[in-house]
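K.L.:
Contents of final.cif (mmCIF, C-alpha atoms):
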data_target
loop_
_atom_site.label_atom_id
_atom_site.label_comp_id
_atom_site.auth_asym_id
_atom_site.auth_seq_id
_atom_site.Cartn_x
_atom_site.Cartn_y
_atom_site.Cartn_z
CA LEU A 1 -34.56 59.32 38.96
CA CYS A 2 -31.05 60.50 39.95
CA VAL A 3 -29.96 64.12 40.18
CA ALA A 4 -26.33 65.29 40.44
CA ASN A 5 -25.70 67.59 43.38
CA ARG A 6 -22.30 69.36 43.47
CA TRP A 7 -22.28 69.55 47.30
CA GLN A 8 -23.97 66.36 48.47
CA GLY A 9 -23.19 63.86 45.72
CA PRO A 10 -25.71 62.00 43.50
CA LEU A 11 -29.32 61.92 44.79
CA CYS A 12 -32.03 59.50 43.63
CA GLN A 13 -35.81 59.60 43.99
CA PRO A 14 -37.13 56.36 45.54
CA SER A 15 -39.27 54.12 43.32
CA SER A 16 -41.24 52.63 46.23
CA PRO A 17 -42.63 53.96 49.48
CA VAL A 18 -39.98 54.40 52.14
CA VAL A 19 -40.64 53.56 55.77
CA GLY A 20 -39.59 56.26 58.18
CA PRO A 21 -39.08 59.96 57.81
CA VAL A 22 -38.46 61.21 54.32
CA PRO A 23 -36.49 64.35 53.50
CA PRO A 24 -38.64 67.28 52.46
CA THR A 25 -37.49 67.01 48.86
CA GLY A 26 -38.45 63.36 48.67
CA LEU A 27 -34.88 62.39 47.80
CA SER A 28 -32.66 59.83 49.51
CA TYR A 29 -28.84 60.00 49.78
CA LEU A 30 -26.59 57.41 48.20
CA PRO A 31 -23.46 56.30 50.07
CA SER A 32 -20.63 58.85 49.65
CA VAL A 33 -16.86 58.23 49.54
CA ALA A 34 -16.14 61.35 51.59
CA PRO A 35 -15.91 59.44 54.89
CA VAL A 36 -13.29 57.12 53.36
CA HIS A 37 -11.14 60.07 52.31
CA SER A 38 -11.57 61.61 55.73
CA ARG A 39 -10.36 58.43 57.41
CA ASN A 40 -7.29 58.31 55.11
CA LEU A 41 -6.47 61.95 55.90
CA VAL A 42 -6.78 61.34 59.62
CA GLN A 43 -4.55 58.27 59.40
CA SER A 44 -1.90 60.22 57.40
CA LEU A 45 -1.89 63.01 59.95
CA HIS A 46 -1.63 60.49 62.75
CA LEU A 47 1.36 58.76 61.13
CA HIS A 48 3.04 62.12 60.48
CA MET A 49 2.61 63.11 64.11
CA GLN A 50 4.21 59.84 65.17
CA GLU A 51 7.49 60.52 63.19
CA PRO A 52 10.51 60.90 65.50
CA PRO A 53 12.08 64.35 65.85
CA LEU A 54 15.26 65.34 64.00
CA SER A 55 17.48 64.72 67.03
CA SER A 56 16.23 61.15 67.28
CA ARG A 57 16.88 60.55 63.59
CA LEU A 58 20.43 61.89 63.95
CA ILE A 59 21.04 59.42 66.77
CA ALA A 60 19.54 56.58 64.77
CA TRP A 61 21.65 57.42 61.66
CA PRO A 62 25.35 57.69 62.66
CA TRP A 63 26.49 58.66 59.14
CA LEU A 64 24.14 61.63 59.14
CA ARG A 65 25.41 62.71 62.54
CA ARG A 66 29.00 62.50 61.34
CA ALA A 67 28.19 64.48 58.20
CA VAL A 68 26.61 67.24 60.28
CA TRP A 69 29.67 67.40 62.56
CA VAL A 70 32.01 67.54 59.56
CA LEU A 71 29.99 70.37 58.03
CA LEU A 72 30.01 72.30 61.30
CA GLY A 73 33.77 71.74 61.62
CA VAL A 74 34.41 73.09 58.12
CA LEU A 75 32.27 76.14 58.79
CA LEU A 76 34.10 76.75 62.07
CA LEU A 77 37.50 76.51 60.35
CA TRP A 78 36.36 78.95 57.68
CA LEU A 79 35.17 81.37 60.35
CA LEU A 80 38.44 81.10 62.30
CA GLY A 81 40.46 81.52 59.11
CA TRP A 82 38.47 84.60 58.14
CA LEU A 83 38.76 86.24 61.56
CA ALA A 84 42.01 84.96 63.09
CA LEU A 85 44.37 84.45 60.14
CA PRO A 86 44.54 88.05 58.82
CA PRO A 87 46.18 89.55 61.97
CA LEU A 88 48.44 86.49 62.26
CA LEU A 89 49.50 86.72 58.62
CA ARG A 90 50.11 90.44 58.99
CA SER A 91 52.46 90.09 61.97
CA GLN A 92 54.25 86.99 60.73
CA GLY A 93 54.46 88.36 57.19
CA GLU A 94 56.18 91.49 58.42
CA LYS A 95 58.68 89.42 60.43
CA TRP A 96 59.38 86.95 57.61
CA ALA A 97 59.77 89.63 54.92
CA GLY A 98 61.91 91.76 57.24
CA ALA A 99 64.25 88.83 57.93
CA ALA A 100 64.49 87.98 54.22
CA LEU A 101 65.21 91.54 53.10
CA GLY A 102 67.04 92.90 56.11
CA ARG A 103 64.69 95.89 56.05
CA THR A 104 61.69 97.06 58.01
CA VAL A 105 58.49 95.85 56.33
CA HIS A 106 55.03 97.19 57.08
CA ILE A 107 51.69 95.68 55.97
CA GLY A 108 48.69 97.91 56.43
CA ARG A 109 45.87 95.37 56.22
CA VAL A 110 45.37 91.70 55.33
CA GLU A 111 42.23 90.06 53.94
CA PHE A 112 41.87 86.29 53.59
CA ALA A 113 38.96 84.27 52.19
CA PRO A 114 39.59 80.63 53.23
CA TRP A 115 36.65 79.26 51.20
CA ALA A 116 38.24 80.65 48.00
CA LEU A 117 41.95 80.62 49.02
CA GLN A 118 42.26 84.32 48.19
CA LEU A 119 44.75 86.57 49.99
CA THR A 120 44.93 90.37 49.70
CA LEU A 121 47.58 92.64 51.21
CA HIS A 122 47.03 96.39 51.41
CA ASP A 123 49.57 99.20 51.78
CA VAL A 124 52.80 97.18 51.81
CA ALA A 125 55.97 99.22 52.41
CA VAL A 126 59.66 98.25 52.51
CA ALA A 127 61.89 100.83 54.18
CA LYS A 128 65.26 102.00 52.87
CA ALA A 129 68.50 100.76 54.39
CA GLN A 130 68.85 103.86 56.58
CA GLY A 131 65.18 103.63 57.59
CA GLU A 132 64.32 107.03 56.07
CA GLY A 133 61.54 106.76 53.52
CA ALA A 134 60.29 103.77 51.58
CA GLN A 135 62.26 101.76 49.07
CA LEU A 136 59.16 100.02 47.73
CA THR A 137 55.45 100.54 48.26
CA VAL A 138 52.54 98.48 46.93
CA ARG A 139 48.98 99.70 47.23
CA ARG A 140 47.40 96.25 46.82
CA LEU A 141 48.69 92.71 46.30
CA TYR A 142 46.09 90.06 45.43
CA VAL A 143 46.84 86.32 45.24
CA ASP A 144 44.31 83.65 44.22
CA VAL A 145 45.72 80.20 45.03
CA ASP A 146 44.41 77.17 43.16
CA ALA A 147 43.67 74.00 45.16
CA SER A 148 45.69 71.95 42.65
CA SER A 149 48.84 73.33 44.31
CA LEU A 150 48.48 70.54 46.87
CA LEU A 151 48.33 67.86 44.17
CA ARG A 152 51.18 69.27 42.08
CA LEU A 153 53.34 70.10 45.12
CA ALA A 154 54.05 73.43 43.43
CA PRO A 155 52.48 76.90 43.65
CA VAL A 156 49.64 77.30 41.16
CA LEU A 157 48.01 80.74 41.17
CA ASP A 158 44.80 81.52 39.33
CA ALA A 159 45.52 85.24 39.62
CA LEU A 160 48.32 87.53 40.76
CA GLU A 161 47.58 91.26 40.78
CA VAL A 162 49.86 94.10 41.90
CA ASP A 163 48.36 97.60 42.03
CA GLN A 164 50.38 100.82 42.12
CA PRO A 165 53.85 99.51 42.98
CA THR A 166 56.39 102.32 43.42
CA LEU A 167 60.14 101.64 43.55
CA HIS A 168 62.86 104.14 44.49
CA LEU A 169 66.42 103.30 43.38
CA GLU A 170 69.67 105.22 43.74
CA GLN A 171 73.11 104.69 42.28
CA THR A 172 75.42 106.00 44.96
CA ALA A 173 78.67 105.24 43.11
CA PRO A 174 79.62 103.56 39.84
CA GLY A 175 78.34 100.01 40.13
CA HIS A 176 76.90 100.50 43.63
CA TYR A 177 73.22 100.92 44.46
CA ASP A 178 71.18 101.44 47.59
CA VAL A 179 69.82 97.86 47.30
CA ASP A 180 73.21 96.14 47.35
CA ASP A 181 72.52 94.79 50.84
CA ILE A 182 69.41 92.99 49.59
CA LEU A 183 71.22 91.61 46.55
CA ALA A 184 74.01 90.32 48.79
CA ARG A 185 71.48 88.42 50.90
CA TRP A 186 70.03 86.78 47.82
CA ALA A 187 73.37 85.97 46.21
CA VAL A 188 74.18 82.27 45.90
CA ASP A 189 77.50 80.55 45.38
CA ALA A 190 78.30 79.70 41.79
CA SER A 191 77.93 76.00 41.04
CA PRO A 192 79.04 74.03 37.97
CA GLN A 193 75.63 72.34 37.92
CA PRO A 194 72.82 74.86 37.40
CA ALA A 195 69.94 74.55 39.76
CA PRO A 196 66.70 73.18 38.26
CA LEU A 197 64.02 75.67 37.41
CA PRO A 198 61.47 76.05 40.21
CA ARG A 199 58.08 74.48 39.58
CA PHE A 200 55.26 77.00 39.38
CA ALA A 201 52.27 78.10 37.31
CA LEU A 202 50.90 81.63 37.21
CA TYR A 203 47.66 82.68 35.56
CA ASN A 204 46.39 86.21 34.93
CA VAL A 205 49.43 88.14 36.12
CA VAL A 206 48.58 91.84 36.14
CA LEU A 207 50.64 94.84 37.23
CA ARG A 208 48.80 98.18 37.17
CA ASP A 209 50.03 101.77 37.41
CA GLY A 210 53.60 100.99 38.41
CA ALA A 211 56.23 103.69 38.96
CA VAL A 212 60.04 103.74 39.27
CA ASP A 213 62.27 106.64 40.30
CA PHE A 214 65.95 106.02 39.54
CA VAL A 215 68.35 108.62 40.87
CA ASP A 216 71.85 108.41 39.39
CA HIS A 217 74.14 110.39 41.67
CA THR A 218 77.15 109.71 39.44
CA VAL A 219 75.75 111.92 36.67
CA GLN A 220 73.26 113.89 38.79
CA ARG A 221 70.28 112.73 36.79
CA THR A 222 66.90 111.21 37.66
CA HIS A 223 65.02 108.82 35.40
CA VAL A 224 61.26 108.63 35.91
CA LEU A 225 59.10 105.66 34.87
CA ARG A 226 55.33 106.06 35.11
CA ALA A 227 52.10 104.29 34.06
CA LEU A 228 53.76 100.88 34.03
CA GLN A 229 51.32 98.20 32.82
CA LEU A 230 52.18 94.51 32.55
CA HIS A 231 49.78 91.68 31.58
CA LEU A 232 50.77 88.01 31.39
CA PRO A 233 47.81 85.68 30.72
CA PHE A 234 49.83 82.59 31.63
CA LEU A 235 53.34 81.72 32.75
CA SER A 236 54.45 78.27 33.84
CA SER A 237 57.46 76.01 34.30
CA LEU A 238 55.49 72.83 34.98
CA ALA A 239 56.23 69.97 32.59
CA SER A 240 52.61 69.58 31.54
CA LYS A 241 52.32 73.28 30.66
CA ARG A 242 55.56 74.05 28.82
CA GLU A 243 54.02 74.16 25.33
CA ILE A 244 51.43 76.80 26.21
CA LYS A 245 51.92 80.18 24.55
CA VAL A 246 52.33 83.37 26.54
CA GLU A 247 51.31 86.74 25.11
CA PRO A 248 52.78 89.46 27.33
CA ARG A 249 52.00 93.15 26.99
CA LEU A 250 54.17 95.90 28.40
CA ALA A 251 53.38 99.61 28.41
CA PHE A 252 55.00 102.49 30.27
CA GLU A 253 56.08 106.11 30.07
CA LEU A 254 59.81 106.81 30.51
CA ASN A 255 61.00 110.38 30.98
CA GLY A 256 57.90 111.67 29.21
CA SER A 257 58.10 109.24 26.25
CA ARG A 258 55.37 106.66 25.83
CA PHE A 259 56.11 102.99 24.99
CA ASP A 260 53.71 100.14 24.27
CA SER A 261 54.79 96.72 23.07
CA SER A 262 53.50 93.18 22.78
CA ALA A 263 55.21 89.89 21.96
CA GLN A 264 54.65 86.18 21.80
CA SER A 265 57.04 83.64 23.29
CA THR A 266 57.23 80.13 24.66
CA PRO A 267 59.42 80.38 27.78
CA PHE A 268 61.04 77.51 29.65
CA LEU A 269 61.47 75.29 26.60
CA SER A 270 64.74 73.37 26.31
CA SER A 271 65.37 74.98 22.88
CA HIS A 272 64.67 78.52 24.23
CA HIS A 273 63.06 79.57 20.92
#
Can I see the file as structure tokens?
P.N.:
Amino acid sequence: LCVANRWQGPLCQPSSPVVGPVPPTGLSYLPSVAPVHSRNLVQSLHLHMQEPPLSSRLIAWPWLRRAVWVLLGVLLLWLLGWLALPPLLRSQGEKWAGAALGRTVHIGRVEFAPWALQLTLHDVAVAKAQGEGAQLTVRRLYVDVDASSLLRLAPVLDALEVDQPTLHLEQTAPGHYDVDDILARWAVDASPQPAPLPRFALYNVVLRDGAVDFVDHTVQRTHVLRALQLHLPFLSSLASKREIKVEPRLAFELNGSRFDSSAQSTPFLSSHH
């Protein structure tokens, strides 16, 4: 007669007298598989304890060691770019922009995210020719560069945002303005062969809360432009993007009168339609 026991396994009552001591219940134990499982568990633990440490595996697998070093190098470059590039870009940006414009340029703060190729300039100011006051101020300039710029060999921006730009212009005499020195620097000699259009692609161009003060000393009048808003979803001169539509929107307030317009065009086509 066998009886199932949930702790000790199946037990059977002997059918013939048993020599030797008998358990008090008169039952004998059948062989159990528990010792076999115990031996397997002990062997598994023993094999696991014999596995080499991580450092030994890195030495044994050169490709894994190289991958770890490459990953550490990339992380180090990102850290250096995040910490070291902003002050360098700020100083060099001021020098480069000052040399290009012939004016004093100040950049308040620079932020750069190397893992996303995003650059942000805060509190940019371009001084007037006499150095008194600012000709142009920009509260924030955000640029998101796409990695495909390296493949196309042309600037491709996923986003370009300009917040609160303020421009001060003056007409000192008929046909003469206080930015003539900058225009003279940018002037190029006329050529019978027009220069090819630069290659570029801009996505999500946004200008927010712009302002322009134009002082006309010839007639003693000041024109005020406020709340300038400009949105360009896409603008490109690349050959593969010339057929894409652009839907610009322009809104502003000029001398107290409000304007809001929208249009659809296909720029940079050979037909210019």
K.L.:
What are the nearest atom pairs, with distances in Å to one decimal, for all residues of segment 82-192 of chain A that come at most 8 Å from segment 197-210 of chain A, using only C-alpha atoms, set out by chain and rising residue number as a tab-separated table?
P.N.:
residue	atom	partner	partner_atom	distance
A:Ala154	CA	A:Phe200	CA	5.5
A:Pro155	CA	A:Phe200	CA	5.1
A:Val156	CA	A:Ala201	CA	4.7
A:Leu157	CA	A:Leu202	CA	5.0
A:Asp158	CA	A:Tyr203	CA	4.9
A:Ala159	CA	A:Asn204	CA	4.9
A:Leu160	CA	A:Val205	CA	4.8
A:Glu161	CA	A:Val206	CA	4.8
A:Val162	CA	A:Leu207	CA	4.8
A:Asp163	CA	A:Arg208	CA	4.9
A:Gln164	CA	A:Asp209	CA	4.8
A:Pro165	CA	A:Gly210	CA	4.8
A:Thr166	CA	A:Gly210	CA	5.9
K.L.:
I'd like to see the residues matched by the PyMOL selection byres ((chain A and resi 221-227) around 8) on this file, and ideally I'd get them as a list of chain:residue names.
P.N.:
A:Arg208, A:Asp209, A:Gly210, A:Ala211, A:Val212, A:Asp213, A:Phe214, A:Val215, A:Asp216, A:His217, A:Thr218, A:Val219, A:Gln220, A:Leu228, A:Gln229, A:Ala251, A:Phe252, A:Glu253, A:Leu254, A:Asn255
K.L.:
So the first atom is atom CA of Arg185 of chain A and the second is atom CA of Ala125 of chain A; what is the distance between them in Å, to one decimal place?
P.N.:
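Interatomic distance here is 19.0 Å.
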K.L.:
Give me, please, the distance in Å between atom CA of Ser149 of chain A and atom CA of Gly73 of chain A, quoted to one decimal.
P.N.:
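Taking atom CA of Ser149 of chain A as the start and atom CA of Gly73 of chain A as the end point, the length is 23.0 Å.
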K.L.:
Select, from A:Ser236, A:Thr104, A:Gln135, A:Gln130, the residue with the minimum atom-to-atom distance to Leu169 of chain A, counting only C-alpha atoms.
P.N.:
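Answer, going by the shortest atom-to-atom distance: A:Gln135.
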K.L.:
Kindly provide, as a list in words, the polymer residues lying within 10 Å of (54.6, 98.3, 21.0), counting only C-alpha atoms and using the coordinates exactly as they appear in the file.
P.N.:
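Residues lying no farther than 10 Å from the given point: Arg249, Leu250, Ala251, Arg258, Phe259, Asp260, Ser261, Ser262 and Ala263 of chain A.
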K.L.:
Next, dump the selected residues to file, keeping only C-alpha atoms, as a CSV table (one decimal), keeping the file's coordinate frame.
P.N.:
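Okay, again-v2.csv is ready:
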chain,number,residue,atom,x,y,z
A,249,ARG,CA,52.0,93.2,27.0
A,250,LEU,CA,54.2,95.9,28.4
A,251,ALA,CA,53.4,99.6,28.4
A,258,ARG,CA,55.4,106.7,25.8
A,259,PHE,CA,56.1,103.0,25.0
A,260,ASP,CA,53.7,100.1,24.3
A,261,SER,CA,54.8,96.7,23.1
A,262,SER,CA,53.5,93.2,22.8
A,263,ALA,CA,55.2,89.9,22.0
K.L.:
Using Å and a single decimal, report how far atom CA of Glu111 of chain A sits from atom CA of Gly98 of chain A.
P.N.:
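Atom CA of Glu111 of chain A lies 20.0 Å from atom CA of Gly98 of chain A.
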K.L.:
Once the PyMOL selection byres ((chain A and resi 110) around 7) has been applied to the shown file, what residues remain in the selection, as a list in words?
P.N.:
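On the file shown, the PyMOL selection byres ((chain A and resi 110) around 7) covers Pro86, Arg90, Arg109, Glu111, Phe112, Thr120, Leu121 and His122 of chain A.
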K.L.:
For those residues, write C-alpha atoms to a file as a compact mmCIF listing (two decimals), keeping the file's coordinate frame.
P.N.:
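Final output, again.txt:
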# COMPACT_ATOMS: atom_id res chain seq x y z
CA PRO A 86 44.54 88.05 58.82
CA ARG A 90 50.11 90.44 58.99
CA ARG A 109 45.87 95.37 56.22
CA GLU A 111 42.23 90.06 53.94
CA PHE A 112 41.87 86.29 53.59
CA THR A 120 44.93 90.37 49.70
CA LEU A 121 47.58 92.64 51.21
CA HIS A 122 47.03 96.39 51.41
K.L.:
So, counting all atoms listed in the file, which residue among A:Ser257, A:Asp123, A:Lys128, A:Trp115 is closest to Gly102 of chain A?
P.N.:
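Looking only at the distances to Gly102 of chain A, the closest residue turns out to be A:Lys128.
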K.L.:
Restricted to C-alpha atoms, what does segment 93-188 of chain A look like when written out as a CSV table (one decimal), in the first residue's frame?
P.N.:
chain,number,residue,atom,x,y,z
A,93,GLY,CA,32.4,83.7,-32.3
A,94,GLU,CA,32.7,87.2,-31.1
A,95,LYS,CA,36.1,87.6,-32.9
A,96,TRP,CA,34.8,86.1,-36.2
A,97,ALA,CA,31.6,88.1,-36.2
A,98,GLY,CA,33.4,91.3,-35.2
A,99,ALA,CA,35.9,90.9,-38.1
A,100,ALA,CA,33.1,90.1,-40.6
A,101,LEU,CA,31.0,93.1,-39.6
A,102,GLY,CA,33.6,95.6,-38.5
A,103,ARG,CA,31.6,96.1,-35.3
A,104,THR,CA,31.9,95.0,-31.7
A,105,VAL,CA,30.0,91.8,-31.1
A,106,HIS,CA,29.0,90.4,-27.7
A,107,ILE,CA,27.6,87.0,-26.9
A,108,GLY,CA,26.2,86.5,-23.5
A,109,ARG,CA,26.1,82.7,-23.2
A,110,VAL,CA,26.6,79.7,-25.4
A,111,GLU,CA,25.0,76.2,-25.0
A,112,PHE,CA,26.1,73.3,-27.1
A,113,ALA,CA,24.8,69.7,-27.1
A,114,PRO,CA,27.3,67.6,-29.0
A,115,TRP,CA,25.1,64.4,-28.9
A,116,ALA,CA,22.3,66.3,-30.8
A,117,LEU,CA,24.4,68.9,-32.7
A,118,GLN,CA,22.3,71.7,-31.2
A,119,LEU,CA,23.8,75.2,-30.6
A,120,THR,CA,22.1,78.0,-28.7
A,121,LEU,CA,23.4,81.6,-28.4
A,122,HIS,CA,21.9,83.9,-25.8
A,123,ASP,CA,21.9,87.7,-25.6
A,124,VAL,CA,23.7,88.5,-28.9
A,125,ALA,CA,24.4,92.2,-29.5
A,126,VAL,CA,26.1,94.1,-32.4
A,127,ALA,CA,27.2,97.6,-31.5
A,128,LYS,CA,26.7,100.7,-33.7
A,129,ALA,CA,29.5,102.1,-35.8
A,130,GLN,CA,30.3,104.7,-33.1
A,131,GLY,CA,30.1,102.1,-30.4
A,132,GLU,CA,27.2,103.9,-28.6
A,133,GLY,CA,24.2,101.6,-28.2
A,134,ALA,CA,23.3,98.4,-30.1
A,135,GLN,CA,22.5,98.1,-33.8
A,136,LEU,CA,21.1,94.6,-33.4
A,137,THR,CA,20.2,92.5,-30.4
A,138,VAL,CA,18.9,88.9,-30.4
A,139,ARG,CA,17.6,87.3,-27.2
A,140,ARG,CA,18.1,83.7,-28.4
A,141,LEU,CA,19.4,82.0,-31.5
A,142,TYR,CA,18.9,78.3,-31.7
A,143,VAL,CA,20.4,76.1,-34.5
A,144,ASP,CA,19.8,72.3,-34.9
A,145,VAL,CA,22.3,70.9,-37.4
A,146,ASP,CA,21.4,67.7,-39.2
A,147,ALA,CA,24.2,65.0,-39.5
A,148,SER,CA,23.4,64.7,-43.2
A,149,SER,CA,25.3,68.0,-43.7
A,150,LEU,CA,28.5,66.0,-43.8
A,151,LEU,CA,27.2,63.7,-46.6
A,152,ARG,CA,25.7,66.6,-48.6
A,153,LEU,CA,28.7,68.9,-48.1
A,154,ALA,CA,26.2,71.6,-47.5
A,155,PRO,CA,24.5,73.1,-44.3
A,156,VAL,CA,21.3,71.2,-43.5
A,157,LEU,CA,19.5,72.6,-40.5
A,158,ASP,CA,16.5,70.8,-38.8
A,159,ALA,CA,15.6,74.0,-37.0
A,160,LEU,CA,16.5,77.6,-37.0
A,161,GLU,CA,14.9,79.8,-34.3
A,162,VAL,CA,15.4,83.5,-33.6
A,163,ASP,CA,13.7,85.0,-30.6
A,164,GLN,CA,13.2,88.7,-30.0
A,165,PRO,CA,15.5,90.2,-32.6
A,166,THR,CA,15.6,94.1,-32.4
A,167,LEU,CA,17.1,96.2,-35.2
A,168,HIS,CA,17.8,99.9,-35.1
A,169,LEU,CA,18.3,101.7,-38.4
A,170,GLU,CA,18.9,105.3,-39.3
A,171,GLN,CA,18.9,107.2,-42.5
A,172,THR,CA,21.5,110.0,-42.0
A,173,ALA,CA,21.2,111.5,-45.4
A,174,PRO,CA,19.3,110.7,-48.6
A,175,GLY,CA,20.5,107.3,-49.7
A,176,HIS,CA,22.9,106.9,-46.7
A,177,TYR,CA,22.3,104.7,-43.7
A,178,ASP,CA,24.2,103.9,-40.5
A,179,VAL,CA,24.9,100.4,-41.8
A,180,ASP,CA,26.7,101.5,-45.0
A,181,ASP,CA,30.0,100.3,-43.6
A,182,ILE,CA,28.7,96.8,-43.2
A,183,LEU,CA,27.1,96.8,-46.7
A,184,ALA,CA,30.5,98.0,-48.1
A,185,ARG,CA,32.2,95.0,-46.5
A,186,TRP,CA,29.8,92.6,-48.1
A,187,ALA,CA,29.7,94.2,-51.5
A,188,VAL,CA,31.2,92.1,-54.3
